[in-house]
Amino acid sequence: MAAYRWRRWWAVALLPAVLMLAVGLSPLVDSAAAVSAAPRNSCTGPVAGQHIYDCSNLLTSAEIARLESDAAAVDKAGAPTVVYLQVRDADAQQTFQDAVDLMGRWNVESSPGAKDGFVMFFNLQPGNLRHGKVALFAGQKHYKSGNLPQAELDRIRTDVMTPLLANGQTAEGIAAGLQQVAHDLRYGPPPPPPTPGYQIVSAFVGRWPANLLALLFAGVVGLLYARERRKAPLSSADGGVSLDLVAAPGDLAPAMAGALLTGRVNDAQIEATILDFAHRGLLVMEPLGKNKVQIRLLGDGKDLTGYEQDVWKGLVEQADENTHTLSSEDLAQVRKGWSWPKSQLRRELVERGWFDPEGASARRLPLYIAGAVGMVGVAICLLLIILSQEAWAVIGLVIFLGAGTAAFIWGYSVPNTTVEGEIAAAPWRGYRASVSDKAYEPDVDKDLPYIVALGLVGKLAPRLKAASERGYSPAWFRPAGATAGNQYVTTPGYGFYPYWIVFHSNVSPVSTSGGGGSSYSGSYSGGGAAGGGGGSAGSF
């Protein structure tokens, strides 16, 4: 009886301890149960049997479980599948490459060399996980000769998935894509829609009529060019001119000589006029530190006439009233007023009987019209390519573009010079040839204005630079503060070429212009499980 009482008291004493132990173990039991019930979602994969890898923590456990079922259906249909989500700011092409890399790194295929895997890869926007980029990538077996060709992958991404993904329904969009892929693997992609009538017609026109018309057009342009060559006053070739001539043939101003040889009036001839002023002692060029130069006016220009007087007035109006200097910025402003001096130069050439702008315009017109027709042909061929979705019209496009461009160039090259103008230009062609000869060392003081006017700057720039590096400077180039009568044959530390380039760039500025995509599609030619596969990527 006493033993029974002791056992009863022990039971009573141990009951609180048992209850406390049960309460303490309860969270651990619940946690273990939750871990066992939670779906596997390792991002360090690949994990056997796991298809969904949500490294963004966007999807719920229930969504991952449903998507695992859809991905398993794709796997069962013949394409080992991985769906991977991560947070990364990337464009469509980078996302496509991420899918390729994942397939190769994880060997997403049923067996080595099978190349039958499928990857759905997401790069979600940081701070906005419901939007980003998605890429679908199929192995070579399904992409090249199977049921997931490029067109079908594009359709699944754009028509099936993107509307749901763009609406923030990420899990639903993934499920729709996986279900469509599984359906395609089992039964094939849906048949393409019937070819519309406009596509049939444009394909026919693009194959034969457009290309034949392009060939006919090229022949017409050739005939126009041949006719223009027959009408040209004289040949502009330099053949037969002696290279022994190394001095300017006469006292014709650089601008006049340049206009005769080029057949046109341009800014280079006005620049040459300013350099001719320097050669004649009317101004000097002075360096002002690195990449800075100024022009100092020394004369009054009272003996100048015609277009030269207009060029001088432009310099005087822009120069500082006290120092009579023009900075680089001033020179750029002077250039804006050159239209009137060029008009005056053109008028003087017409008065001498050397230019006939109206006759030249009449000769250019047919070629310009042909060039415009060529560009219309290019537009039509481009439209045919888009409508027909065939490349046959590319042949016509190239022919129209080449012949039309040639027509524009030939039209522009028609000179304004008359027969008399070509005769006057003949000795200057010899001078241009002799100055261009590699054995000739130009006299910068005398030759530079003509070099500029005749368009030889690019060809002779290395020789001008070499002369500058040897210490040679023209008489019209001197440091600021030197007397006007000094002629610097050597000017240590003041090579003229860099500063002349600054001057040249200000009066003859060269304009330059410069420029991720929302979608990307293509194939991958590398090796591994991804080799030979292809896919589609884009935004949502």
# chains A, B, ... in the order shown; residues from 1 in each chain; ligands from 1

call {"tool": "select_by_dssp", "arguments": {"residues": "segment 29-217 of chain A", "states": "strand (DSSP E)", "output": "list in words"}}
result
Ile52, Tyr53, Asp54, Thr81, Val82, Val83, Tyr84, Leu85, Gln86, Val87, Phe118, Val119, Met120, Phe121, Phe122, Asn123, Leu124, Gln125, Asn128, Leu129, Arg130, His131, Gly132, Lys133, Val134, Ala135, Leu136, Phe137 and Ala138 of chain A

call {"tool": "write_last_selection", "arguments": {"atoms": "N, CA, C and O atoms", "output": "CSV table (one decimal), in the first residue's frame"}}
result
chain,number,residue,atom,x,y,z
A,52,ILE,N,11.6,23.7,-60.9
A,52,ILE,CA,11.4,25.1,-60.6
A,52,ILE,C,12.4,25.6,-59.6
A,52,ILE,O,12.6,25.1,-58.5
A,53,TYR,N,13.2,26.7,-60.0
A,53,TYR,CA,14.2,27.3,-59.2
A,53,TYR,C,13.9,28.7,-59.1
A,53,TYR,O,14.2,29.6,-59.9
A,54,ASP,N,13.2,29.1,-58.0
A,54,ASP,CA,12.8,30.5,-57.8
A,54,ASP,C,13.8,31.2,-56.9
A,54,ASP,O,13.6,31.2,-55.6
A,81,THR,N,13.3,19.7,-68.3
A,81,THR,CA,13.0,21.1,-68.2
A,81,THR,C,13.5,21.7,-66.9
A,81,THR,O,13.5,21.1,-65.8
A,82,VAL,N,13.9,23.0,-67.0
A,82,VAL,CA,14.3,23.8,-65.9
A,82,VAL,C,13.6,25.2,-66.1
A,82,VAL,O,13.7,25.8,-67.2
A,83,VAL,N,13.0,25.7,-65.0
A,83,VAL,CA,12.4,27.0,-65.0
A,83,VAL,C,13.2,27.8,-63.9
A,83,VAL,O,13.2,27.3,-62.8
A,84,TYR,N,13.9,28.8,-64.3
A,84,TYR,CA,14.8,29.5,-63.4
A,84,TYR,C,14.4,31.0,-63.3
A,84,TYR,O,14.3,31.7,-64.3
A,85,LEU,N,14.2,31.5,-62.1
A,85,LEU,CA,13.9,32.9,-61.8
A,85,LEU,C,15.0,33.5,-61.0
A,85,LEU,O,15.3,33.0,-59.9
A,86,GLN,N,15.5,34.7,-61.4
A,86,GLN,CA,16.4,35.4,-60.6
A,86,GLN,C,16.2,36.9,-60.8
A,86,GLN,O,15.5,37.4,-61.7
A,87,VAL,N,16.8,37.7,-59.8
A,87,VAL,CA,16.7,39.2,-59.9
A,87,VAL,C,17.9,39.7,-60.6
A,87,VAL,O,19.0,39.5,-60.0
A,118,PHE,N,14.9,21.8,-72.3
A,118,PHE,CA,14.1,23.0,-72.4
A,118,PHE,C,14.3,23.8,-71.2
A,118,PHE,O,14.2,23.4,-70.1
A,119,VAL,N,14.7,25.1,-71.4
A,119,VAL,CA,14.9,26.1,-70.3
A,119,VAL,C,14.0,27.3,-70.5
A,119,VAL,O,13.9,27.8,-71.6
A,120,MET,N,13.4,27.6,-69.4
A,120,MET,CA,12.6,28.9,-69.3
A,120,MET,C,13.3,29.8,-68.3
A,120,MET,O,13.3,29.4,-67.1
A,121,PHE,N,13.9,30.9,-68.7
A,121,PHE,CA,14.8,31.7,-67.8
A,121,PHE,C,14.2,33.1,-67.7
A,121,PHE,O,13.8,33.7,-68.6
A,122,PHE,N,14.1,33.5,-66.4
A,122,PHE,CA,13.6,34.9,-66.1
A,122,PHE,C,14.7,35.7,-65.4
A,122,PHE,O,15.3,35.3,-64.5
A,123,ASN,N,14.9,37.0,-65.9
A,123,ASN,CA,15.6,38.0,-65.2
A,123,ASN,C,14.6,39.1,-64.8
A,123,ASN,O,14.1,39.8,-65.7
A,124,LEU,N,14.3,39.1,-63.5
A,124,LEU,CA,13.3,40.0,-63.0
A,124,LEU,C,13.9,41.4,-62.6
A,124,LEU,O,15.0,41.4,-62.1
A,125,GLN,N,13.2,42.4,-62.8
A,125,GLN,CA,13.7,43.8,-62.5
A,125,GLN,C,13.8,43.9,-61.0
A,125,GLN,O,12.9,43.6,-60.2
A,128,ASN,N,10.9,45.5,-58.9
A,128,ASN,CA,9.7,45.3,-59.6
A,128,ASN,C,9.7,43.9,-60.2
A,128,ASN,O,9.8,43.7,-61.4
A,129,LEU,N,9.5,42.9,-59.3
A,129,LEU,CA,9.7,41.5,-59.7
A,129,LEU,C,8.6,41.0,-60.6
A,129,LEU,O,8.7,39.9,-61.2
A,130,ARG,N,7.5,41.8,-60.8
A,130,ARG,CA,6.5,41.3,-61.7
A,130,ARG,C,6.8,41.6,-63.1
A,130,ARG,O,6.0,41.2,-64.0
A,131,HIS,N,7.9,42.2,-63.4
A,131,HIS,CA,8.3,42.6,-64.8
A,131,HIS,C,9.7,42.3,-65.0
A,131,HIS,O,10.5,42.3,-64.0
A,132,GLY,N,10.1,42.1,-66.2
A,132,GLY,CA,11.5,41.8,-66.6
A,132,GLY,C,11.6,41.2,-67.9
A,132,GLY,O,10.9,41.6,-68.9
A,133,LYS,N,12.6,40.3,-68.1
A,133,LYS,CA,12.8,39.6,-69.3
A,133,LYS,C,12.7,38.1,-69.1
A,133,LYS,O,13.0,37.6,-68.1
A,134,VAL,N,12.2,37.4,-70.2
A,134,VAL,CA,12.0,36.0,-70.2
A,134,VAL,C,12.6,35.4,-71.5
A,134,VAL,O,12.5,36.0,-72.5
A,135,ALA,N,13.3,34.2,-71.3
A,135,ALA,CA,13.8,33.6,-72.5
A,135,ALA,C,13.4,32.1,-72.5
A,135,ALA,O,13.4,31.4,-71.4
A,136,LEU,N,13.0,31.6,-73.7
A,136,LEU,CA,12.7,30.2,-73.9
A,136,LEU,C,13.7,29.6,-74.8
A,136,LEU,O,14.0,30.1,-75.9
A,137,PHE,N,14.4,28.5,-74.3
A,137,PHE,CA,15.4,27.9,-75.1
A,137,PHE,C,15.2,26.4,-75.2
A,137,PHE,O,15.1,25.8,-74.2
A,138,ALA,N,15.2,25.9,-76.4
A,138,ALA,CA,15.0,24.5,-76.7
A,138,ALA,C,16.2,23.9,-77.3
A,138,ALA,O,16.9,24.5,-78.1

call {"tool": "residues_around", "arguments": {"residues": "Asp303 of chain A", "least_positions_apart": "2", "cutoff": "12 Å", "atoms": "only C-alpha atoms", "output": "ChimeraX atom specification"}}
result
/A:277,280,282,299-301,305-306,308-309,312

call {"tool": "write_last_selection", "arguments": {"atoms": "all heavy atoms", "output": "PDB file, in the first residue's frame"}}
result
ATOM      1  N   PHE A 277      45.704  85.654 -98.053  1.00  0.00           N
ATOM      2  CA  PHE A 277      45.907  86.937 -97.370  1.00  0.00           C
ATOM      3  C   PHE A 277      47.158  86.874 -96.503  1.00  0.00           C
ATOM      4  O   PHE A 277      47.949  87.816 -96.459  1.00  0.00           O
ATOM      5  CB  PHE A 277      44.704  87.275 -96.501  1.00  0.00           C
ATOM      6  CG  PHE A 277      43.454  87.646 -97.264  1.00  0.00           C
ATOM      7  CD1 PHE A 277      42.210  87.635 -96.633  1.00  0.00           C
ATOM      8  CD2 PHE A 277      43.513  88.014 -98.599  1.00  0.00           C
ATOM      9  CE1 PHE A 277      41.063  87.980 -97.327  1.00  0.00           C
ATOM     10  CE2 PHE A 277      42.362  88.366 -99.300  1.00  0.00           C
ATOM     11  CZ  PHE A 277      41.135  88.333 -98.658  1.00  0.00           C
ATOM     12  N   ARG A 280      50.256  87.088 -98.492  1.00  0.00           N
ATOM     13  CA  ARG A 280      50.447  88.439 -99.020  1.00  0.00           C
ATOM     14  C   ARG A 280      50.723  89.461 -97.923  1.00  0.00           C
ATOM     15  O   ARG A 280      50.826  90.666 -98.190  1.00  0.00           O
ATOM     16  CB  ARG A 280      49.218  88.844 -99.831  1.00  0.00           C
ATOM     17  CG  ARG A 280      49.126  88.089-101.144  1.00  0.00           C
ATOM     18  CD  ARG A 280      47.708  87.812-101.599  1.00  0.00           C
ATOM     19  NE  ARG A 280      46.952  89.002-101.964  1.00  0.00           N
ATOM     20  CZ  ARG A 280      45.707  88.975-102.435  1.00  0.00           C
ATOM     21  NH1 ARG A 280      45.091  87.808-102.595  1.00  0.00           N
ATOM     22  NH2 ARG A 280      45.084  90.089-102.743  1.00  0.00           N
ATOM     23  N   LEU A 282      48.831  90.294 -95.244  1.00  0.00           N
ATOM     24  CA  LEU A 282      47.688  91.014 -94.694  1.00  0.00           C
ATOM     25  C   LEU A 282      47.303  90.539 -93.299  1.00  0.00           C
ATOM     26  O   LEU A 282      46.578  91.242 -92.586  1.00  0.00           O
ATOM     27  CB  LEU A 282      46.484  90.873 -95.631  1.00  0.00           C
ATOM     28  CG  LEU A 282      46.637  91.529 -97.003  1.00  0.00           C
ATOM     29  CD1 LEU A 282      45.443  91.196 -97.885  1.00  0.00           C
ATOM     30  CD2 LEU A 282      46.797  93.038 -96.855  1.00  0.00           C
ATOM     31  N   GLY A 299      46.973  94.348 -92.400  1.00  0.00           N
ATOM     32  CA  GLY A 299      46.719  95.310 -93.466  1.00  0.00           C
ATOM     33  C   GLY A 299      45.339  95.917 -93.364  1.00  0.00           C
ATOM     34  O   GLY A 299      44.558  95.631 -92.442  1.00  0.00           O
ATOM     35  N   ASP A 300      45.033  96.778 -94.347  1.00  0.00           N
ATOM     36  CA  ASP A 300      43.712  97.415 -94.361  1.00  0.00           C
ATOM     37  C   ASP A 300      42.818  96.859 -95.466  1.00  0.00           C
ATOM     38  O   ASP A 300      41.619  97.146 -95.502  1.00  0.00           O
ATOM     39  CB  ASP A 300      43.841  98.936 -94.528  1.00  0.00           C
ATOM     40  CG  ASP A 300      44.684  99.326 -95.745  1.00  0.00           C
ATOM     41  OD1 ASP A 300      44.886  98.459 -96.627  1.00  0.00           O
ATOM     42  OD2 ASP A 300      45.126 100.477 -95.805  1.00  0.00           O
ATOM     43  N   GLY A 301      43.377  96.079 -96.379  1.00  0.00           N
ATOM     44  CA  GLY A 301      42.590  95.447 -97.440  1.00  0.00           C
ATOM     45  C   GLY A 301      41.998  96.399 -98.442  1.00  0.00           C
ATOM     46  O   GLY A 301      41.081  96.023 -99.184  1.00  0.00           O
ATOM     47  N   THR A 305      39.395  93.534-104.126  1.00  0.00           N
ATOM     48  CA  THR A 305      38.160  93.744-104.880  1.00  0.00           C
ATOM     49  C   THR A 305      37.368  92.445-104.937  1.00  0.00           C
ATOM     50  O   THR A 305      37.869  91.365-104.610  1.00  0.00           O
ATOM     51  CB  THR A 305      38.470  94.191-106.325  1.00  0.00           C
ATOM     52  OG1 THR A 305      39.258  93.176-106.972  1.00  0.00           O
ATOM     53  CG2 THR A 305      39.217  95.512-106.348  1.00  0.00           C
ATOM     54  N   GLY A 306      36.115  92.572-105.387  1.00  0.00           N
ATOM     55  CA  GLY A 306      35.286  91.388-105.613  1.00  0.00           C
ATOM     56  C   GLY A 306      35.083  90.536-104.374  1.00  0.00           C
ATOM     57  O   GLY A 306      34.909  91.046-103.253  1.00  0.00           O
ATOM     58  N   GLU A 308      37.197  88.798-102.778  1.00  0.00           N
ATOM     59  CA  GLU A 308      38.258  88.946-101.779  1.00  0.00           C
ATOM     60  C   GLU A 308      37.922  90.083-100.816  1.00  0.00           C
ATOM     61  O   GLU A 308      38.164  89.982 -99.599  1.00  0.00           O
ATOM     62  CB  GLU A 308      39.590  89.212-102.465  1.00  0.00           C
ATOM     63  CG  GLU A 308      40.155  88.006-103.204  1.00  0.00           C
ATOM     64  CD  GLU A 308      41.555  88.245-103.710  1.00  0.00           C
ATOM     65  OE1 GLU A 308      41.949  89.426-103.857  1.00  0.00           O
ATOM     66  OE2 GLU A 308      42.271  87.256-103.960  1.00  0.00           O
ATOM     67  N   GLN A 309      37.380  91.159-101.336  1.00  0.00           N
ATOM     68  CA  GLN A 309      36.982  92.277-100.481  1.00  0.00           C
ATOM     69  C   GLN A 309      35.887  91.845 -99.507  1.00  0.00           C
ATOM     70  O   GLN A 309      35.902  92.238 -98.330  1.00  0.00           O
ATOM     71  CB  GLN A 309      36.500  93.444-101.341  1.00  0.00           C
ATOM     72  CG  GLN A 309      36.215  94.717-100.541  1.00  0.00           C
ATOM     73  CD  GLN A 309      35.764  95.840-101.440  1.00  0.00           C
ATOM     74  OE1 GLN A 309      34.772  95.704-102.154  1.00  0.00           O
ATOM     75  NE2 GLN A 309      36.501  96.950-101.434  1.00  0.00           N
ATOM     76  N   TRP A 312      37.455  89.785 -96.729  1.00  0.00           N
ATOM     77  CA  TRP A 312      38.189  90.649 -95.801  1.00  0.00           C
ATOM     78  C   TRP A 312      37.225  91.403 -94.878  1.00  0.00           C
ATOM     79  O   TRP A 312      37.483  91.538 -93.677  1.00  0.00           O
ATOM     80  CB  TRP A 312      39.061  91.622 -96.586  1.00  0.00           C
ATOM     81  CG  TRP A 312      39.873  92.512 -95.696  1.00  0.00           C
ATOM     82  CD1 TRP A 312      39.597  93.804 -95.346  1.00  0.00           C
ATOM     83  CD2 TRP A 312      41.084  92.170 -95.023  1.00  0.00           C
ATOM     84  NE1 TRP A 312      40.544  94.298 -94.503  1.00  0.00           N
ATOM     85  CE2 TRP A 312      41.479  93.317 -94.279  1.00  0.00           C
ATOM     86  CE3 TRP A 312      41.867  91.033 -94.976  1.00  0.00           C
ATOM     87  CZ2 TRP A 312      42.636  93.318 -93.514  1.00  0.00           C
ATOM     88  CZ3 TRP A 312      43.029  91.049 -94.212  1.00  0.00           C
ATOM     89  CH2 TRP A 312      43.399  92.172 -93.492  1.00  0.00           C
TER      90      TRP A 312
END

call {"tool": "atom_distance", "arguments": {"atom1": "atom CA of Ala393 of chain A", "atom2": "atom CA of Val205 of chain A"}}
result
8.2 Å

call {"tool": "residues_around", "arguments": {"residues": "Val507 of chain A", "least_positions_apart": "5", "cutoff": "9 Å", "atoms": "only C-alpha atoms", "output": "PyMOL selection string"}}
result
chain A and resi 267-268+271+328+331-335+502

call {"tool": "atom_distance", "arguments": {"atom1": "atom CA of Gly535 of chain A", "atom2": "atom CA of Asp154 of chain A"}}
result
7.6 Å

call {"tool": "residues_around", "arguments": {"residues": "Gly532 of chain A", "least_positions_apart": "5", "cutoff": "12 Å", "atoms": "only C-alpha atoms", "output": "PDB file with N, CA and C atoms, in the first residue's frame"}}
result
ATOM      1  N   VAL A 100      21.059  29.931 -72.314  1.00  0.00           N
ATOM      2  CA  VAL A 100      22.042  29.061 -72.977  1.00  0.00           C
ATOM      3  C   VAL A 100      23.071  28.555 -71.970  1.00  0.00           C
ATOM      4  N   MET A 103      21.618  25.894 -69.552  1.00  0.00           N
ATOM      5  CA  MET A 103      21.448  24.580 -70.176  1.00  0.00           C
ATOM      6  C   MET A 103      22.792  23.873 -70.303  1.00  0.00           C
ATOM      7  N   GLY A 104      23.828  24.619 -70.692  1.00  0.00           N
ATOM      8  CA  GLY A 104      25.143  24.000 -70.825  1.00  0.00           C
ATOM      9  C   GLY A 104      25.767  23.653 -69.490  1.00  0.00           C
ATOM     10  N   GLY A 113      24.615  14.165 -74.957  1.00  0.00           N
ATOM     11  CA  GLY A 113      24.505  14.273 -76.401  1.00  0.00           C
ATOM     12  C   GLY A 113      23.094  14.251 -76.936  1.00  0.00           C
ATOM     13  N   ALA A 114      22.081  14.088 -76.080  1.00  0.00           N
ATOM     14  CA  ALA A 114      20.697  14.035 -76.562  1.00  0.00           C
ATOM     15  C   ALA A 114      20.223  15.400 -77.049  1.00  0.00           C
ATOM     16  N   LYS A 115      20.651  16.472 -76.395  1.00  0.00           N
ATOM     17  CA  LYS A 115      20.298  17.837 -76.771  1.00  0.00           C
ATOM     18  C   LYS A 115      18.785  18.007 -76.926  1.00  0.00           C
ATOM     19  N   ASP A 116      18.069  17.537 -75.913  1.00  0.00           N
ATOM     20  CA  ASP A 116      16.607  17.568 -75.965  1.00  0.00           C
ATOM     21  C   ASP A 116      16.000  18.322 -74.790  1.00  0.00           C
ATOM     22  N   GLY A 117      16.785  19.210 -74.153  1.00  0.00           N
ATOM     23  CA  GLY A 117      16.294  19.925 -72.981  1.00  0.00           C
ATOM     24  C   GLY A 117      15.493  21.171 -73.332  1.00  0.00           C
ATOM     25  N   PHE A 137      14.369  28.534 -74.299  1.00  0.00           N
ATOM     26  CA  PHE A 137      15.447  27.939 -75.084  1.00  0.00           C
ATOM     27  C   PHE A 137      15.236  26.436 -75.176  1.00  0.00           C
ATOM     28  N   ALA A 138      15.188  25.923 -76.418  1.00  0.00           N
ATOM     29  CA  ALA A 138      14.970  24.503 -76.667  1.00  0.00           C
ATOM     30  C   ALA A 138      16.227  23.888 -77.255  1.00  0.00           C
ATOM     31  N   GLY A 139      16.518  22.649 -76.870  1.00  0.00           N
ATOM     32  CA  GLY A 139      17.668  21.937 -77.401  1.00  0.00           C
ATOM     33  C   GLY A 139      17.533  21.647 -78.885  1.00  0.00           C
ATOM     34  N   GLN A 140      18.638  21.250 -79.492  1.00  0.00           N
ATOM     35  CA  GLN A 140      18.686  21.056 -80.935  1.00  0.00           C
ATOM     36  C   GLN A 140      17.632  20.067 -81.439  1.00  0.00           C
ATOM     37  N   LYS A 141      17.374  19.009 -80.702  1.00  0.00           N
ATOM     38  CA  LYS A 141      16.428  17.983 -81.148  1.00  0.00           C
ATOM     39  C   LYS A 141      15.041  18.565 -81.392  1.00  0.00           C
ATOM     40  N   HIS A 142      14.593  19.437 -80.487  1.00  0.00           N
ATOM     41  CA  HIS A 142      13.254  20.011 -80.615  1.00  0.00           C
ATOM     42  C   HIS A 142      13.253  21.291 -81.439  1.00  0.00           C
ATOM     43  N   TYR A 143      14.403  21.981 -81.500  1.00  0.00           N
ATOM     44  CA  TYR A 143      14.457  23.275 -82.171  1.00  0.00           C
ATOM     45  C   TYR A 143      14.629  23.128 -83.678  1.00  0.00           C
ATOM     46  N   LYS A 144      15.571  22.294 -84.094  1.00  0.00           N
ATOM     47  CA  LYS A 144      15.891  22.214 -85.521  1.00  0.00           C
ATOM     48  C   LYS A 144      14.970  21.277 -86.295  1.00  0.00           C
ATOM     49  N   SER A 145      14.644  20.146 -85.715  1.00  0.00           N
ATOM     50  CA  SER A 145      13.843  19.173 -86.463  1.00  0.00           C
ATOM     51  C   SER A 145      12.654  18.655 -85.664  1.00  0.00           C
ATOM     52  N   PRO A 149      10.190  24.818 -83.067  1.00  0.00           N
ATOM     53  CA  PRO A 149      11.026  25.665 -83.931  1.00  0.00           C
ATOM     54  C   PRO A 149      10.965  27.122 -83.474  1.00  0.00           C
ATOM     55  N   GLY A 522      17.079  33.772 -81.856  1.00  0.00           N
ATOM     56  CA  GLY A 522      18.191  33.239 -82.624  1.00  0.00           C
ATOM     57  C   GLY A 522      18.593  31.866 -82.152  1.00  0.00           C
ATOM     58  N   SER A 523      19.670  31.378 -82.738  1.00  0.00           N
ATOM     59  CA  SER A 523      20.172  30.044 -82.404  1.00  0.00           C
ATOM     60  C   SER A 523      21.541  30.169 -81.759  1.00  0.00           C
ATOM     61  N   TYR A 524      21.998  29.042 -81.181  1.00  0.00           N
ATOM     62  CA  TYR A 524      23.285  29.007 -80.510  1.00  0.00           C
ATOM     63  C   TYR A 524      24.119  27.922 -81.165  1.00  0.00           C
ATOM     64  N   SER A 525      25.312  28.308 -81.648  1.00  0.00           N
ATOM     65  CA  SER A 525      26.128  27.374 -82.411  1.00  0.00           C
ATOM     66  C   SER A 525      27.241  26.743 -81.602  1.00  0.00           C
ATOM     67  N   GLY A 526      27.266  26.965 -80.295  1.00  0.00           N
ATOM     68  CA  GLY A 526      28.324  26.398 -79.472  1.00  0.00           C
ATOM     69  C   GLY A 526      28.135  24.917 -79.206  1.00  0.00           C
ATOM     70  N   GLY A 527      28.874  24.404 -78.235  1.00  0.00           N
ATOM     71  CA  GLY A 527      28.816  22.982 -77.916  1.00  0.00           C
ATOM     72  C   GLY A 527      27.996  22.702 -76.677  1.00  0.00           C
TER      73      GLY A 527
END

call {"tool": "residues_around", "arguments": {"residues": "Thr325 of chain A", "least_positions_apart": "5", "cutoff": "7 Å", "atoms": "only C-alpha atoms", "output": "PyMOL selection string"}}
result
chain A and resi 294-297+319-320

call {"tool": "residues_around", "arguments": {"residues": "segment 263-266 of chain A", "least_positions_apart": "2", "cutoff": "7 Å", "atoms": "only C-alpha atoms", "output": "PyMOL selection string"}}
result
chain A and resi 259-261+268-269+342+346+415-417

call {"tool": "write_last_selection", "arguments": {"atoms": "C-alpha atoms", "output": "PDB file, in the first residue's frame"}}
result
ATOM      1  CA  ALA A 259      36.821  76.404-108.435  1.00  0.00           C
ATOM      2  CA  LEU A 260      38.055  75.623-111.957  1.00  0.00           C
ATOM      3  CA  LEU A 261      39.479  72.237-110.992  1.00  0.00           C
ATOM      4  CA  ALA A 268      37.615  75.401 -99.032  1.00  0.00           C
ATOM      5  CA  GLN A 269      38.200  78.145-101.598  1.00  0.00           C
ATOM      6  CA  LYS A 342      30.945  82.432-102.632  1.00  0.00           C
ATOM      7  CA  ARG A 346      30.700  82.256-108.770  1.00  0.00           C
ATOM      8  CA  PRO A 415      31.064  70.423-113.194  1.00  0.00           C
ATOM      9  CA  ASN A 416      29.868  73.963-113.752  1.00  0.00           C
ATOM     10  CA  THR A 417      32.817  74.668-116.038  1.00  0.00           C
TER      11      THR A 417
END

call {"tool": "closest_residue", "arguments": {"among": "A:Ser521, A:Ile270, A:Tyr431, A:Ser413", "to": "Ala453 of chain A", "atoms": "only C-alpha atoms"}}
result
A:Ile270

call {"tool": "closest_residue", "arguments": {"among": "A:Thr170, A:Ser361, A:Asn147, A:Thr262", "to": "Glu422 of chain A", "atoms": "only C-alpha atoms"}}
result
A:Thr262

call {"tool": "select_by_dssp", "arguments": {"residues": "segment 94-154 of chain A", "states": "helix (DSSP H, G or I)", "output": "list in words"}}
result
Gln94, Thr95, Phe96, Gln97, Asp98, Ala99, Val100, Asp101, Leu102, Met103, Gly104, Arg105, Trp106, Gln140, Lys141, His142, Tyr143, Gln150, Ala151, Glu152, Leu153 and Asp154 of chain A
